[in-house]
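**Q** Quick one: this structure, given as C-alpha cells, is what I'll be asking you about.
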Amino acid sequence: MVNPKRGLVLGATALVLTTVAVTGAGLHLSSQASFNDAPKELVDEVWQIINRQYVDATFNQVDWREVRNEYLNKTYNDKEEAYEAIREMLSQLEDPYTRFMNPEEFKSMQIDTSGELTGVGIQIAKDEETDRLIVISPIEDSPAFSAGILAKDIITQIDGKDTKGMDVNDAVKLIRGEEGTNVTLTIQRGDEEIDYPIVRARIEIHPVRARTEQSDGGEIGYIRLNQFSANAAKEMRDAIKEFEQGNVTGYVLDLRSNPGGLLYSSIEIARMWLQEGTIVSTVNRQGELDRQAANNRSLTDKPLVILVDGGSASASEILSGALQDNDRAVLVGTQTFGKGLVQSVRSLGDGSGLAVTIAKYLTPSGRDINKEGIPPDVVFELSEEQRKELQRDRARIGTNEDPQFVKALEILDREISQANRSASQ
C-alpha cells in the first residue's frame, strides 16, 4: 500500500489514471505538510505548493500571486468551504491532473500496486475536449475487459448518472464498491451508446505471460506485459532468461492495452533489452531534472518487435519510446495514448492530499510523450469487429487469429533475416 509519508516514484501516467483500478505512472509521494486545523492555512499551503512546484512557470497565464490575495481575503467557516475554494483556485490552471483530494478521496487514491485490486478493472482520465471520462485501458482478465470495455471508450453515464463535467474522484466513488456488487457504465463508442452492466470483483494481476511461437525465422519468444507492477520486472527477467536458454531467434513484446504502472519497473525492463543509451528524461520548469540510461546489462540483443495501440500508456510509452529512439525495436500497431506527466502528491495534515503536475517525460530523442504519444514504425490497425473478437476470446491474443500479432511476426522474420545476413558478412 502506498504510504503518504514516504517517497515513491511511479511511472509516466498522470495521477488521474490511478483512481479506478491500478496505480498509474507519474506519481511521486512527498512528505506530509503541516496543518493546524485552520482552513485558511490549508488554502495557503496549497497555493505555496503550486507556486513552488507546478510545471508551468506561467501558471497557465494566470496571475498566481493575485489568486493568493483573492482566496486569502475570503472567510472560511469550515474545512469544506476551504476545500471548495482550493478546487476553484486549482481549476484556473486548467490541468485535470493537478487536483485536491479530501481525506476520503486521498485515501481512495492510495491503491496497492502489489498485483491484487478490487474494482471493475479500468483506468480512466478526463477527456478535455468532451469534458467526460475516457477509458485509458481495461485491465486484462478484469470484469471491464470481459464485459467488452475498450480503450478510448467515453463513459457517458454511471448507473444512469450523467458524467458531463464530473470530477474523476466523484466518478471513482460511483464506480467502486464491494466485491460482487453491480455497476452499469454507459459507453459511447463512435455514434453508438451501449450499457455495460459489470460485477465488481477482486482482480489478480499477472503482469507477464510468455510462450514460444514457431515462425519462418525460427522459434521466437512472445511476451505479453499487461502492467508495470511491482513484480513485472522480475517476471520479465525470468521470461527472457528462459527464452535465451532455449535459443530463441527473436522476440515479440506485446504492450497493447498496457496502461502503465511503476516508473522504475519500466526502466528496469528497458535495461533488459537495451545495452546502452538514454531511456527517459524528466523535465521540470527549471529544465532537465533527471535522466535514466541503460547500464550495459542487457539480457539479449536479438531482434525485437513491440506491439502497441491506443491503450498503451505511460510506462508503456516510456519503454516503447526508449527502444524505438535507440533503434532497438520495431514498433507495430497504432499510436499510443499519450500520457507523460509527473505528479507530486502531498499529504496534508488533515488527511487530505494534493496532486501537482511537476514535470513531464521526454523520450531519448526529446519527444514529449504527453503531447505526441508514440507512433508505431509500422501502422497496422484492427477493425472494430476484430478488436471486439479479441476481447471476447482472449485466447486469440498473440496467436494466428490476432492480425496485429501475425503482422508482428512478419516484421520480426524480416528483422531476423537481416540480422543473420549481417552476422554472416
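Each chain in the C-alpha cells gets a letter, A, B, ..., in the order shown, and its residues are numbered from 1; ligands are numbered from 1 in order too.
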Quick one: everything within 9 Å of Asp95 (chain A), counting only C-alpha atoms, minus sequence neighbours fewer than 5 positions away in the same chain. Send it as an NGL selection string.
**A** :A and (60 or 90 or 357)
**Q** Among region 51-295 of chain A, which residues does DSSP mark as strand (DSSP E) when it is run on the backbone? Keep the chain and numbering as in the structure and answer as number ranges by chain.
**A** A: 99-101, 116-119, 122-127, 132-138, 154-158, 161-162, 182-189, 192-199, 201-204, 208-215, 218-225, 250-254, 278-284, 287-293
**Q** Per DSSP on the backbone, what are the alpha helix (DSSP H) residues of region 102-219 of chain A, as a list in words?
**A**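 The residues of region 102-219 of chain A classed as alpha helix (DSSP H) are Pro103, Glu104, Glu105, Phe106, Lys107, Ser108, Met109, Pro143, Ala144, Phe145, Ser146, Ala147, Val168, Asn169, Asp170, Ala171, Val172, Lys173, Leu174 and Ile175 of chain A.
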**Q** Kindly export the residues of the current selection with C-alpha atoms, as a CSV table (one decimal), in the first residue's frame.
**A**
```csv
chain,number,residue,atom,x,y,z
A,103,PRO,CA,-9.4,12.9,3.1
A,104,GLU,CA,-11.8,10.3,1.7
A,105,GLU,CA,-10.6,10.8,-1.8
A,106,PHE,CA,-7.0,10.8,-0.8
A,107,LYS,CA,-7.4,7.5,1.0
A,108,SER,CA,-9.1,6.1,-2.1
A,109,MET,CA,-6.2,7.1,-4.3
A,143,PRO,CA,-14.6,-7.5,-15.2
A,144,ALA,CA,-14.5,-4.5,-17.5
A,145,PHE,CA,-12.3,-6.3,-20.0
A,146,SER,CA,-14.6,-9.3,-20.0
A,147,ALA,CA,-17.7,-7.1,-20.4
A,168,VAL,CA,-12.7,11.8,-11.7
A,169,ASN,CA,-12.8,11.4,-8.0
A,170,ASP,CA,-16.6,11.6,-8.0
A,171,ALA,CA,-16.7,9.0,-10.8
A,172,VAL,CA,-14.5,6.7,-8.7
A,173,LYS,CA,-16.9,6.9,-5.8
A,174,LEU,CA,-19.7,5.7,-8.1
A,175,ILE,CA,-17.7,3.0,-10.0
```
**Q** Go ahead and compute the interatomic distance for CA of Ser424 (chain A) and CA of Ile240 (chain A), in Å to one decimal.
**A** 24.9 Å
**Q** Show which residues sit within 9 Å of Leu412 (chain A), as a PyMOL selection string. Count only C-alpha atoms, and ignore same-chain residues fewer than 4 positions away.
**A** chain A and resi 217+220+250-252+303-305+330+407-408+416-417
**Q** Write the residues of the selection above to a file with C-alpha atoms, as a PDB file, in the first residue's frame.
**A**
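Final output, again.pdb:
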```pdb
ATOM      1  CA  GLY A 217      12.634 -17.150 -38.688  1.00  0.00           C
ATOM      2  CA  ILE A 220      10.545 -16.790 -31.204  1.00  0.00           C
ATOM      3  CA  GLY A 250      13.853 -13.079 -31.685  1.00  0.00           C
ATOM      4  CA  TYR A 251      11.060 -11.580 -29.594  1.00  0.00           C
ATOM      5  CA  VAL A 252       7.602 -10.043 -29.818  1.00  0.00           C
ATOM      6  CA  PRO A 303      15.639  -8.750 -32.870  1.00  0.00           C
ATOM      7  CA  LEU A 304      12.628  -7.296 -31.117  1.00  0.00           C
ATOM      8  CA  VAL A 305       9.190  -6.178 -32.329  1.00  0.00           C
ATOM      9  CA  VAL A 330      10.399  -2.026 -34.407  1.00  0.00           C
ATOM     10  CA  LYS A 407       1.974  -8.712 -38.741  1.00  0.00           C
ATOM     11  CA  ALA A 408       4.498  -8.506 -35.886  1.00  0.00           C
ATOM     12  CA  ILE A 416      15.877 -11.882 -38.074  1.00  0.00           C
ATOM     13  CA  SER A 417      16.851 -12.420 -41.719  1.00  0.00           C
TER      14      SER A 417
END
```
**Q** In Å, with one decimal, what is the gap from CA of Ile124 (chain A) to CA of Lys234 (chain A)?
**A** 27.1 Å
**Q** Counting only C-alpha atoms, which residue out of A:Leu354, A:Ile194, A:Val342, A:Leu253 sits closest to Leu42 (chain A)?
**A** A:Leu354
**Q** Taking only C-alpha atoms into account, which of A:Phe100, A:Tyr54, A:Trp64, A:Phe405 comes nearest Lys360 (chain A)?
**A**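 The closest residue to Lys360 (chain A) is A:Tyr54.
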**Q** Out of A:Val43, A:Ala293, A:Ile134, A:Ile187, which residue has the shortest atom-to-atom distance to Gly160 (chain A) when counting only C-alpha atoms?
**A**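 Residue with the minimum atom-to-atom distance to Gly160 (chain A): A:Ile187.
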**Q** Could you state the separation of CA of Glu70 (chain A) and CA of Lys126 (chain A) in Å, given to one decimal place?
**A**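 CA of Lys126 (chain A) lies 27.7 Å from CA of Glu70 (chain A).
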**Q** Quick one: everything within 10 Å of region 204-213 of chain A, counting only C-alpha atoms, minus sequence neighbours fewer than 2 positions away in the same chain. Send it as a ChimeraX atom specification.
**A** /A:22,113-118,139-142,201-202,215,218-240,242-243,246,248,251-254,258,398-400,409
**Q** Point out the residue among A:Ser266, A:Asn296, A:Ser365, A:Gln123 with the least atom-to-atom distance to Glu317 (chain A), counting only C-alpha atoms.
**A**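 Comparing A:Ser266, A:Asn296, A:Ser365, A:Gln123 against Glu317 (chain A), the winner is A:Ser266.
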**Q** Nearest residue to Leu362 (chain A) out of A:Arg297, A:Gln425, A:Lys302, A:Leu289, using only C-alpha atoms?
**A**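 Among the listed residues, the smallest separation from Leu362 (chain A) belongs to A:Leu289.
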**Q** List the neighbours of Ala57 (chain A) out to 10 Å using only C-alpha atoms; skip same-chain residues closer than 6 positions along the sequence, and give me the result as a ChimeraX atom specification.
**A** /A:50-51,64,284-286
**Q** Using only C-alpha atoms, can you tell me which of A:Leu185, A:Ile203, A:Val283, A:Leu348 comes closest to Asp159 (chain A)?
**A**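 The answer is A:Leu185, which sits nearest to Asp159 (chain A).
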